[in-house]
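A short write-up of the structure that comes next.
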Amino acid sequence: MNLLALPAFTDNYLWLLHDTRQAVVVDPGQAEPVLQALQERGLQLQAILVTHHHADHVGGVDTLRKATGAPVYGPARECIPAPFIPLSQGSRVEVLGLGFEVMDVPGHTAGHIAYFCPQMDGGPLLFCGDTLFSGGCGRLFEGTPAQMQASLDQLAALPGDTRVCCTHEYTLSNLKFARTVEPGNAALLQYISHCEALRAQGLPTLPSRIALERDINPFLRTRESAVAAAAAGFAPTTDTRNAAAVLAALREWKNEFR
Ligand code: ZN
Ligand code: FE
């Protein structure tokens, strides 16, 4: 299987998975980059997977559906371009001979879903939309901190070698915040150098890996005492034994961090 991160807008990636004949695209906010990639490689689009309703994730859906006839799969509890096959926790999608398990991961939006393929050459694969970013997480537009904490707990529990396909190149700015939260995290400092080198060459920092995110992403580390203490430094009333409360403080801090 080949995994491509097609750049779109200013910092989105449209993920295209293909076996040199057939392809699946995830969150096509634009149709053009996808149509071009399909044409260049002689690929047939077999399915369009959507994680949530935001325009930068669904903007190309209608055009792609019309151009390719590919079926659209998306979150049962959100309004995305119809018709689509509605999915929720426990649903399965079979495509390219692979099985994707659907997880409910509310927080960024109320009905956000993620797609997890446990078995594939190259390791397990996760399409997590705007729920988890490398070094960060999505803004809480429609969900509560407790919902986001539960969603991130679910993702963090996936196998460590899972490749994490996030939909935005936010890594360096996330890591700048992460370093402020946890200046003594050696794995984090090492990862920052690695990502800076990739970006200097114009390369994506993604996909990431779950094991790495557990070590460096403050939003997956809300039960670490150093992270909880830093959160309480920002919001002194934070209950440091409550992971969701720590997450809420981190998220508010990040929203105003420059
Ligand atoms: Zn979004
Ligand atoms: Fe987005």
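So you can find residues: chains in the structure tokens are A, B, ... in the order shown, residues in each start at 1, and ligands are numbered from 1 in order.
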Task: Shell of 7 Å around ligand 1 (only C-alpha atoms and all ligand atoms), written as a list in words - done: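 Counting only what the definition allows, namely only C-alpha atoms and all ligand atoms, the set is His52, His54, His108 and Asp130 of chain A.
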TODO: Check which residues fall inside 12 Å of ligand 2 when counting only C-alpha atoms and all ligand atoms, and print them as a ChimeraX atom specification.
DONE: /A:8-14,26-30,50-59,108-109,112,128-133,137-139,141,166-170
Mind dumping the selected residues with N, CA and C atoms as a short mmCIF file (atom, residue, chain, number, x, y, z; two decimals), in the first residue's frame?
```
data_model
loop_
_atom_site.label_atom_id
_atom_site.label_comp_id
_atom_site.auth_asym_id
_atom_site.auth_seq_id
_atom_site.Cartn_x
_atom_site.Cartn_y
_atom_site.Cartn_z
N ALA A 8 -3.10 20.66 0.57
CA ALA A 8 -4.24 21.46 0.12
C ALA A 8 -4.38 22.67 1.03
N PHE A 9 -5.04 23.71 0.52
CA PHE A 9 -5.18 24.97 1.26
C PHE A 9 -3.79 25.39 1.77
N THR A 10 -3.73 25.98 3.00
CA THR A 10 -2.40 26.40 3.46
C THR A 10 -1.68 25.32 4.23
N ASP A 11 -2.42 24.48 4.97
CA ASP A 11 -1.73 23.50 5.81
C ASP A 11 -2.49 22.18 5.98
N ASN A 12 -3.44 21.90 5.06
CA ASN A 12 -4.16 20.61 5.13
C ASN A 12 -3.40 19.53 4.36
N TYR A 13 -3.61 18.28 4.78
CA TYR A 13 -3.20 17.13 3.97
C TYR A 13 -4.45 16.31 3.63
N LEU A 14 -4.58 15.96 2.35
CA LEU A 14 -5.62 15.03 1.92
C LEU A 14 -4.90 13.69 1.77
N VAL A 26 -9.17 10.38 2.07
CA VAL A 26 -9.76 10.77 3.34
C VAL A 26 -9.84 12.29 3.42
N ASP A 27 -11.02 12.79 3.78
CA ASP A 27 -11.25 14.22 4.01
C ASP A 27 -10.81 15.12 2.86
N PRO A 28 -11.38 14.90 1.65
CA PRO A 28 -11.00 15.75 0.52
C PRO A 28 -11.66 17.13 0.58
N GLY A 29 -10.99 18.05 1.24
CA GLY A 29 -11.49 19.42 1.33
C GLY A 29 -11.47 20.11 -0.02
N GLN A 30 -10.61 19.61 -0.92
CA GLN A 30 -10.54 20.09 -2.30
C GLN A 30 -10.52 18.87 -3.21
N VAL A 50 -14.83 10.34 5.23
CA VAL A 50 -14.92 11.66 5.85
C VAL A 50 -14.93 11.49 7.37
N THR A 51 -14.15 12.34 8.07
CA THR A 51 -14.09 12.24 9.55
C THR A 51 -15.05 13.20 10.25
N HIS A 52 -15.28 14.39 9.64
CA HIS A 52 -16.19 15.35 10.27
C HIS A 52 -16.62 16.40 9.26
N HIS A 53 -17.55 17.26 9.65
CA HIS A 53 -18.30 18.07 8.69
C HIS A 53 -17.61 19.34 8.22
N HIS A 54 -16.48 19.73 8.78
CA HIS A 54 -15.89 21.03 8.42
C HIS A 54 -15.54 21.12 6.94
N ALA A 55 -15.68 22.37 6.41
CA ALA A 55 -15.54 22.59 4.97
C ALA A 55 -14.18 22.16 4.43
N ASP A 56 -13.12 22.34 5.22
CA ASP A 56 -11.79 21.96 4.72
C ASP A 56 -11.61 20.44 4.69
N HIS A 57 -12.65 19.69 5.07
CA HIS A 57 -12.61 18.22 5.01
C HIS A 57 -13.62 17.65 4.03
N VAL A 58 -14.65 18.43 3.66
CA VAL A 58 -15.70 17.90 2.78
C VAL A 58 -15.88 18.70 1.48
N GLY A 59 -15.14 19.80 1.33
CA GLY A 59 -15.36 20.71 0.20
C GLY A 59 -15.26 20.07 -1.18
N HIS A 108 -13.65 17.81 18.96
CA HIS A 108 -13.47 18.89 17.97
C HIS A 108 -14.84 19.22 17.38
N THR A 109 -15.54 18.18 16.89
CA THR A 109 -16.96 18.31 16.54
C THR A 109 -17.72 17.22 17.30
N HIS A 112 -17.58 13.60 15.37
CA HIS A 112 -16.30 13.26 14.71
C HIS A 112 -16.01 11.76 14.84
N CYS A 128 -7.34 10.25 11.71
CA CYS A 128 -7.99 10.82 12.90
C CYS A 128 -8.53 12.22 12.68
N GLY A 129 -8.52 12.71 11.43
CA GLY A 129 -9.11 14.02 11.17
C GLY A 129 -8.47 15.11 12.01
N ASP A 130 -9.29 15.93 12.65
CA ASP A 130 -8.80 17.03 13.48
C ASP A 130 -8.88 16.72 14.97
N THR A 131 -8.93 15.43 15.34
CA THR A 131 -8.98 15.08 16.76
C THR A 131 -7.59 15.13 17.38
N LEU A 132 -6.66 14.42 16.74
CA LEU A 132 -5.28 14.35 17.23
C LEU A 132 -4.35 14.92 16.18
N PHE A 133 -3.48 15.84 16.60
CA PHE A 133 -2.41 16.33 15.74
C PHE A 133 -1.09 15.90 16.34
N CYS A 137 -3.88 18.70 19.77
CA CYS A 137 -5.20 18.14 19.48
C CYS A 137 -6.06 19.24 18.89
N GLY A 138 -7.21 18.88 18.35
CA GLY A 138 -8.10 19.86 17.74
C GLY A 138 -8.73 20.78 18.77
N ARG A 139 -9.18 21.93 18.31
CA ARG A 139 -9.91 22.85 19.18
C ARG A 139 -11.26 22.24 19.54
N PHE A 141 -14.57 22.77 19.43
CA PHE A 141 -15.64 23.60 18.88
C PHE A 141 -17.02 23.14 19.36
N CYS A 166 -2.79 12.73 10.52
CA CYS A 166 -3.52 13.93 10.94
C CYS A 166 -3.77 14.77 9.70
N THR A 167 -4.73 15.68 9.77
CA THR A 167 -5.09 16.41 8.55
C THR A 167 -4.52 17.82 8.46
N HIS A 168 -3.67 18.21 9.42
CA HIS A 168 -3.04 19.54 9.29
C HIS A 168 -1.56 19.46 9.65
N GLU A 169 -0.76 20.28 8.96
CA GLU A 169 0.66 20.41 9.29
C GLU A 169 0.79 21.50 10.36
N TYR A 170 0.44 21.14 11.60
CA TYR A 170 0.52 22.08 12.72
C TYR A 170 1.68 21.72 13.64
#
```
Open item on the list: When you look at Ala82 in chain A with a cut-off of 12 Å (counting only C-alpha atoms), what residues show up, excluding the ones that are within fewer than 4 positions of it in the same chain? I need them as a list in words.
Closed with: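 Neighbouring residues, sequence-local ones excluded: Val50, His53, Val58, Val61, Asp62, Arg65, Pro71, Val72, Tyr73, Gly74, Pro75, Ala76, Glu78 and Pro86 of chain A.
Excluding Leu247 in chain A and any residue on its chain fewer than 4 positions from it, the residues at most 8 Å away by only C-alpha atoms are Pro145, Gln149, Phe219, Thr222, Ala243 and Arg251 of chain A.
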DSSP-assigned helix (DSSP H, G or I) among range 58-233 of chain A, expressed as a compact mmCIF listing (two decimals) with N, CA and C atoms, in the first residue's frame:
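The resulting file, part07.txt, is reproduced below:
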```txt
# COMPACT_ATOMS: atom_id res chain seq x y z
N VAL A 58 -14.65 18.43 3.66
CA VAL A 58 -15.70 17.90 2.78
C VAL A 58 -15.88 18.70 1.48
N VAL A 61 -15.96 16.78 -1.84
CA VAL A 61 -16.70 15.50 -1.87
C VAL A 61 -17.63 15.40 -3.08
N ASP A 62 -18.46 16.41 -3.32
CA ASP A 62 -19.44 16.32 -4.42
C ASP A 62 -18.76 16.19 -5.78
N THR A 63 -17.72 17.00 -5.99
CA THR A 63 -17.01 16.95 -7.27
C THR A 63 -16.36 15.58 -7.48
N LEU A 64 -15.74 15.05 -6.43
CA LEU A 64 -15.08 13.75 -6.55
C LEU A 64 -16.08 12.63 -6.77
N ARG A 65 -17.21 12.71 -6.07
CA ARG A 65 -18.25 11.69 -6.25
C ARG A 65 -18.75 11.69 -7.69
N LYS A 66 -18.99 12.90 -8.22
CA LYS A 66 -19.48 13.02 -9.59
C LYS A 66 -18.43 12.51 -10.59
N ALA A 67 -17.18 12.87 -10.37
CA ALA A 67 -16.11 12.51 -11.32
C ALA A 67 -15.77 11.03 -11.30
N THR A 68 -15.94 10.35 -10.14
CA THR A 68 -15.44 8.98 -10.01
C THR A 68 -16.52 7.96 -9.69
N PRO A 145 -14.24 19.12 27.30
CA PRO A 145 -12.92 18.56 27.61
C PRO A 145 -13.01 17.08 27.99
N ALA A 146 -14.05 16.68 28.71
CA ALA A 146 -14.18 15.27 29.11
C ALA A 146 -14.36 14.37 27.88
N GLN A 147 -15.14 14.85 26.90
CA GLN A 147 -15.31 14.07 25.66
C GLN A 147 -13.98 13.95 24.92
N MET A 148 -13.26 15.06 24.81
CA MET A 148 -11.98 15.03 24.10
C MET A 148 -10.98 14.14 24.83
N GLN A 149 -10.97 14.20 26.16
CA GLN A 149 -10.06 13.34 26.94
C GLN A 149 -10.38 11.87 26.65
N ALA A 150 -11.66 11.51 26.62
CA ALA A 150 -12.05 10.12 26.35
C ALA A 150 -11.66 9.72 24.93
N SER A 151 -11.83 10.64 23.98
CA SER A 151 -11.47 10.35 22.59
C SER A 151 -9.96 10.14 22.46
N LEU A 152 -9.19 11.02 23.10
CA LEU A 152 -7.72 10.90 23.02
C LEU A 152 -7.24 9.65 23.76
N ASP A 153 -7.92 9.29 24.86
CA ASP A 153 -7.57 8.04 25.57
C ASP A 153 -7.75 6.85 24.64
N GLN A 154 -8.84 6.87 23.86
CA GLN A 154 -9.12 5.78 22.94
C GLN A 154 -8.01 5.68 21.88
N LEU A 155 -7.58 6.82 21.36
CA LEU A 155 -6.55 6.82 20.32
C LEU A 155 -5.19 6.42 20.91
N ALA A 156 -4.90 6.93 22.11
CA ALA A 156 -3.60 6.63 22.75
C ALA A 156 -3.46 5.14 23.06
N THR A 171 2.49 20.73 13.23
CA THR A 171 3.41 20.10 14.17
C THR A 171 4.36 21.09 14.86
N LEU A 172 5.07 21.92 14.08
CA LEU A 172 6.08 22.78 14.72
C LEU A 172 5.46 23.75 15.72
N SER A 173 4.29 24.34 15.38
CA SER A 173 3.70 25.28 16.34
C SER A 173 3.17 24.52 17.56
N ASN A 174 2.65 23.30 17.36
CA ASN A 174 2.25 22.48 18.50
C ASN A 174 3.44 22.17 19.41
N LEU A 175 4.59 21.88 18.79
CA LEU A 175 5.75 21.47 19.58
C LEU A 175 6.34 22.64 20.36
N LYS A 176 6.18 23.84 19.81
CA LYS A 176 6.63 25.03 20.52
C LYS A 176 5.85 25.15 21.84
N PHE A 177 4.54 24.91 21.74
CA PHE A 177 3.70 24.92 22.95
C PHE A 177 4.09 23.76 23.88
N ALA A 178 4.27 22.57 23.30
CA ALA A 178 4.60 21.39 24.11
C ALA A 178 5.88 21.62 24.91
N ARG A 179 6.86 22.30 24.29
CA ARG A 179 8.13 22.55 24.98
C ARG A 179 7.94 23.53 26.15
N THR A 180 6.99 24.45 26.00
CA THR A 180 6.70 25.37 27.09
C THR A 180 6.05 24.62 28.26
N VAL A 181 5.20 23.63 27.92
CA VAL A 181 4.53 22.84 28.95
C VAL A 181 5.53 21.92 29.65
N ALA A 186 12.99 15.05 27.29
CA ALA A 186 14.09 14.84 26.34
C ALA A 186 13.59 14.32 24.99
N ALA A 187 12.61 13.41 25.02
CA ALA A 187 12.07 12.87 23.76
C ALA A 187 11.45 13.98 22.92
N LEU A 188 10.83 14.92 23.60
CA LEU A 188 10.19 16.05 22.91
C LEU A 188 11.26 16.92 22.23
N LEU A 189 12.34 17.23 22.94
CA LEU A 189 13.39 18.09 22.37
C LEU A 189 14.01 17.43 21.15
N GLN A 190 14.19 16.12 21.23
CA GLN A 190 14.76 15.37 20.10
C GLN A 190 13.80 15.39 18.90
N TYR A 191 12.51 15.23 19.18
CA TYR A 191 11.51 15.22 18.11
C TYR A 191 11.42 16.59 17.45
N ILE A 192 11.59 17.65 18.21
CA ILE A 192 11.54 19.00 17.63
C ILE A 192 12.64 19.16 16.59
N SER A 193 13.87 18.73 16.91
CA SER A 193 14.98 18.82 15.94
C SER A 193 14.65 18.04 14.68
N HIS A 194 14.09 16.83 14.87
CA HIS A 194 13.72 15.97 13.75
C HIS A 194 12.71 16.67 12.84
N CYS A 195 11.68 17.25 13.43
CA CYS A 195 10.62 17.89 12.63
C CYS A 195 11.12 19.17 11.98
N GLU A 196 11.99 19.92 12.66
CA GLU A 196 12.54 21.13 12.07
C GLU A 196 13.34 20.78 10.82
N ALA A 197 14.10 19.68 10.87
CA ALA A 197 14.88 19.25 9.71
C ALA A 197 13.96 18.86 8.55
N LEU A 198 12.86 18.15 8.85
CA LEU A 198 11.90 17.76 7.80
C LEU A 198 11.29 19.00 7.14
N ARG A 199 10.84 19.95 7.97
CA ARG A 199 10.19 21.14 7.42
C ARG A 199 11.16 22.00 6.61
N ALA A 200 12.43 22.02 7.05
CA ALA A 200 13.45 22.79 6.32
C ALA A 200 13.62 22.23 4.90
N ILE A 210 1.73 6.48 17.21
CA ILE A 210 1.06 6.58 18.51
C ILE A 210 2.08 6.54 19.66
N ALA A 211 3.07 5.64 19.60
CA ALA A 211 4.03 5.54 20.70
C ALA A 211 4.77 6.86 20.90
N LEU A 212 5.13 7.50 19.80
CA LEU A 212 5.82 8.79 19.87
C LEU A 212 4.90 9.84 20.49
N GLU A 213 3.65 9.89 20.03
CA GLU A 213 2.71 10.89 20.56
C GLU A 213 2.51 10.73 22.07
N ARG A 214 2.47 9.46 22.52
CA ARG A 214 2.33 9.23 23.97
C ARG A 214 3.49 9.86 24.74
N ASP A 215 4.66 9.91 24.10
CA ASP A 215 5.86 10.43 24.77
C ASP A 215 5.99 11.94 24.70
N ILE A 216 5.43 12.56 23.66
CA ILE A 216 5.71 13.99 23.44
C ILE A 216 4.49 14.91 23.42
N PRO A 218 1.50 16.80 24.85
CA PRO A 218 0.96 17.12 26.19
C PRO A 218 -0.51 16.72 26.35
N PHE A 219 -1.26 16.72 25.24
CA PHE A 219 -2.69 16.39 25.33
C PHE A 219 -2.92 14.89 25.54
N LEU A 220 -1.88 14.07 25.30
CA LEU A 220 -1.96 12.65 25.63
C LEU A 220 -1.25 12.38 26.96
N SER A 225 2.60 14.17 36.00
CA SER A 225 2.59 15.23 37.02
C SER A 225 3.18 16.53 36.48
N ALA A 226 4.20 16.45 35.62
CA ALA A 226 4.81 17.68 35.09
C ALA A 226 3.81 18.45 34.23
N VAL A 227 3.01 17.72 33.46
CA VAL A 227 2.02 18.36 32.58
C VAL A 227 0.90 18.97 33.42
N ALA A 228 0.43 18.21 34.41
CA ALA A 228 -0.64 18.71 35.28
C ALA A 228 -0.17 19.95 36.04
N ALA A 229 1.08 19.95 36.51
CA ALA A 229 1.62 21.09 37.25
C ALA A 229 1.71 22.32 36.35
N ALA A 230 2.14 22.11 35.11
CA ALA A 230 2.23 23.23 34.17
C ALA A 230 0.85 23.80 33.88
N ALA A 231 -0.15 22.92 33.72
CA ALA A 231 -1.53 23.36 33.46
C ALA A 231 -2.03 24.21 34.62
N ALA A 232 -1.70 23.77 35.84
CA ALA A 232 -2.13 24.51 37.03
C ALA A 232 -1.37 25.83 37.15
N GLY A 233 -0.19 25.90 36.57
CA GLY A 233 0.55 27.16 36.53
C GLY A 233 -0.18 28.19 35.68
```
- [ ] Using DSSP on the backbone coordinates, identify the residues of range 96-254 of chain A assigned to strand (DSSP E); present them as a PyMOL selection string.
- [x] chain A and resi 98-104+113-117+125-129+132-133+136-137+163-166+208-209
Kindly export the residues of the current selection with N, CA, C and O atoms, as a CSV table (one decimal), in the first residue's frame.
```
chain,number,residue,atom,x,y,z
A,98,LEU,N,-8.8,-4.1,2.6
A,98,LEU,CA,-8.5,-3.7,4.0
A,98,LEU,C,-9.8,-3.5,4.8
A,98,LEU,O,-10.8,-3.1,4.2
A,99,GLY,N,-9.7,-3.8,6.1
A,99,GLY,CA,-10.8,-3.5,7.0
A,99,GLY,C,-10.5,-2.3,7.9
A,99,GLY,O,-9.5,-2.3,8.6
A,100,PHE,N,-11.3,-1.3,7.8
A,100,PHE,CA,-11.2,-0.1,8.7
A,100,PHE,C,-12.2,-0.2,9.8
A,100,PHE,O,-13.4,-0.3,9.5
A,101,GLU,N,-11.8,0.0,11.0
A,101,GLU,CA,-12.7,0.0,12.2
A,101,GLU,C,-13.0,1.5,12.5
A,101,GLU,O,-12.1,2.3,12.4
A,102,VAL,N,-14.3,1.8,12.8
A,102,VAL,CA,-14.7,3.2,13.0
A,102,VAL,C,-14.8,3.4,14.5
A,102,VAL,O,-15.2,2.6,15.3
A,103,MET,N,-14.2,4.6,14.9
A,103,MET,CA,-14.3,4.9,16.4
A,103,MET,C,-15.0,6.3,16.5
A,103,MET,O,-14.7,7.2,15.7
A,104,ASP,N,-15.8,6.5,17.5
A,104,ASP,CA,-16.4,7.8,17.8
A,104,ASP,C,-15.4,8.6,18.6
A,104,ASP,O,-14.9,8.1,19.6
A,113,ILE,N,-15.6,11.1,13.7
A,113,ILE,CA,-15.2,9.7,13.8
A,113,ILE,C,-13.7,9.6,13.3
A,113,ILE,O,-13.2,10.5,12.7
A,114,ALA,N,-13.1,8.5,13.6
A,114,ALA,CA,-11.8,8.1,13.1
A,114,ALA,C,-11.8,6.7,12.5
A,114,ALA,O,-12.7,5.9,12.8
A,115,TYR,N,-10.9,6.5,11.6
A,115,TYR,CA,-10.8,5.2,10.9
A,115,TYR,C,-9.5,4.5,11.2
A,115,TYR,O,-8.4,5.1,11.0
A,116,PHE,N,-9.6,3.3,11.7
A,116,PHE,CA,-8.4,2.6,12.2
A,116,PHE,C,-8.3,1.2,11.4
A,116,PHE,O,-9.2,0.4,11.4
A,117,CYS,N,-7.2,1.0,10.7
A,117,CYS,CA,-6.9,-0.3,10.1
A,117,CYS,C,-5.8,-1.0,10.8
A,117,CYS,O,-4.7,-0.6,10.8
A,125,LEU,N,-2.8,1.7,10.7
A,125,LEU,CA,-3.0,3.0,10.2
A,125,LEU,C,-4.2,3.7,10.8
A,125,LEU,O,-5.3,3.1,10.9
A,126,LEU,N,-4.1,5.0,11.2
A,126,LEU,CA,-5.2,5.7,11.7
A,126,LEU,C,-5.4,7.0,11.0
A,126,LEU,O,-4.5,7.8,10.7
A,127,PHE,N,-6.6,7.2,10.6
A,127,PHE,CA,-7.0,8.5,10.0
A,127,PHE,C,-7.9,9.2,11.1
A,127,PHE,O,-9.0,8.8,11.4
A,128,CYS,N,-7.3,10.3,11.7
A,128,CYS,CA,-8.0,10.8,12.9
A,128,CYS,C,-8.5,12.2,12.7
A,128,CYS,O,-9.0,12.9,13.6
A,129,GLY,N,-8.5,12.7,11.4
A,129,GLY,CA,-9.1,14.0,11.2
A,129,GLY,C,-8.5,15.1,12.0
A,129,GLY,O,-7.2,15.2,12.1
A,132,LEU,N,-6.7,14.4,16.7
A,132,LEU,CA,-5.3,14.3,17.2
A,132,LEU,C,-4.4,14.9,16.2
A,132,LEU,O,-4.4,14.5,15.0
A,133,PHE,N,-3.5,15.8,16.6
A,133,PHE,CA,-2.4,16.3,15.7
A,133,PHE,C,-1.1,15.9,16.3
A,133,PHE,O,-1.0,15.6,17.5
A,136,GLY,N,-0.3,17.9,19.4
A,136,GLY,CA,-1.5,18.7,19.8
A,136,GLY,C,-2.8,18.0,19.6
A,136,GLY,O,-2.8,16.8,19.3
A,137,CYS,N,-3.9,18.7,19.8
A,137,CYS,CA,-5.2,18.1,19.5
A,137,CYS,C,-6.1,19.2,18.9
A,137,CYS,O,-5.7,20.4,18.9
A,163,ARG,N,0.5,4.2,12.5
A,163,ARG,CA,0.8,5.5,11.8
A,163,ARG,C,-0.4,6.4,12.0
A,163,ARG,O,-1.5,6.0,11.7
A,164,VAL,N,-0.1,7.6,12.4
A,164,VAL,CA,-1.1,8.6,12.7
A,164,VAL,C,-1.2,9.6,11.6
A,164,VAL,O,-0.3,10.4,11.4
A,165,CYS,N,-2.3,9.6,10.8
A,165,CYS,CA,-2.5,10.5,9.7
A,165,CYS,C,-3.4,11.6,10.1
A,165,CYS,O,-4.6,11.5,10.1
A,166,CYS,N,-2.8,12.7,10.5
A,166,CYS,CA,-3.5,13.9,10.9
A,166,CYS,C,-3.8,14.8,9.7
A,166,CYS,O,-3.1,14.6,8.7
A,208,SER,N,2.7,10.5,12.0
A,208,SER,CA,3.4,10.3,13.2
A,208,SER,C,3.1,8.9,13.7
A,208,SER,O,2.6,8.1,12.9
A,209,ARG,N,3.5,8.5,14.9
A,209,ARG,CA,3.2,7.2,15.5
A,209,ARG,C,2.6,7.4,16.8
A,209,ARG,O,3.0,8.3,17.6
```
Open item on the list: Considering only C-alpha atoms, can you say which of A:Asp239, A:Asp19, A:Glu142, A:Glu40 comes closest to Asp121 in chain A?
Closed with: A:Asp19
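Residues lying within 8 Å of Leu3 in chain A, counting only C-alpha atoms and ignoring same-chain neighbours fewer than 4 positions away, are Trp15, Leu16, Leu17 and His18 of chain A.
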Please produce an output containing N, CA and C atoms for each residue in the selection, written as a compact mmCIF listing (two decimals), in the first residue's frame.
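Generated file (selection-v9.txt):
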```
# COMPACT_ATOMS: atom_id res chain seq x y z
N TRP A 15 -5.28 12.72 2.59
CA TRP A 15 -4.57 11.44 2.58
C TRP A 15 -5.13 10.54 1.49
N LEU A 16 -4.22 10.02 0.65
CA LEU A 16 -4.61 9.12 -0.42
C LEU A 16 -3.85 7.80 -0.23
N LEU A 17 -4.61 6.72 -0.06
CA LEU A 17 -4.03 5.39 0.12
C LEU A 17 -4.30 4.61 -1.15
N HIS A 18 -3.26 3.97 -1.74
CA HIS A 18 -3.52 3.25 -2.99
C HIS A 18 -2.61 2.03 -3.15
```
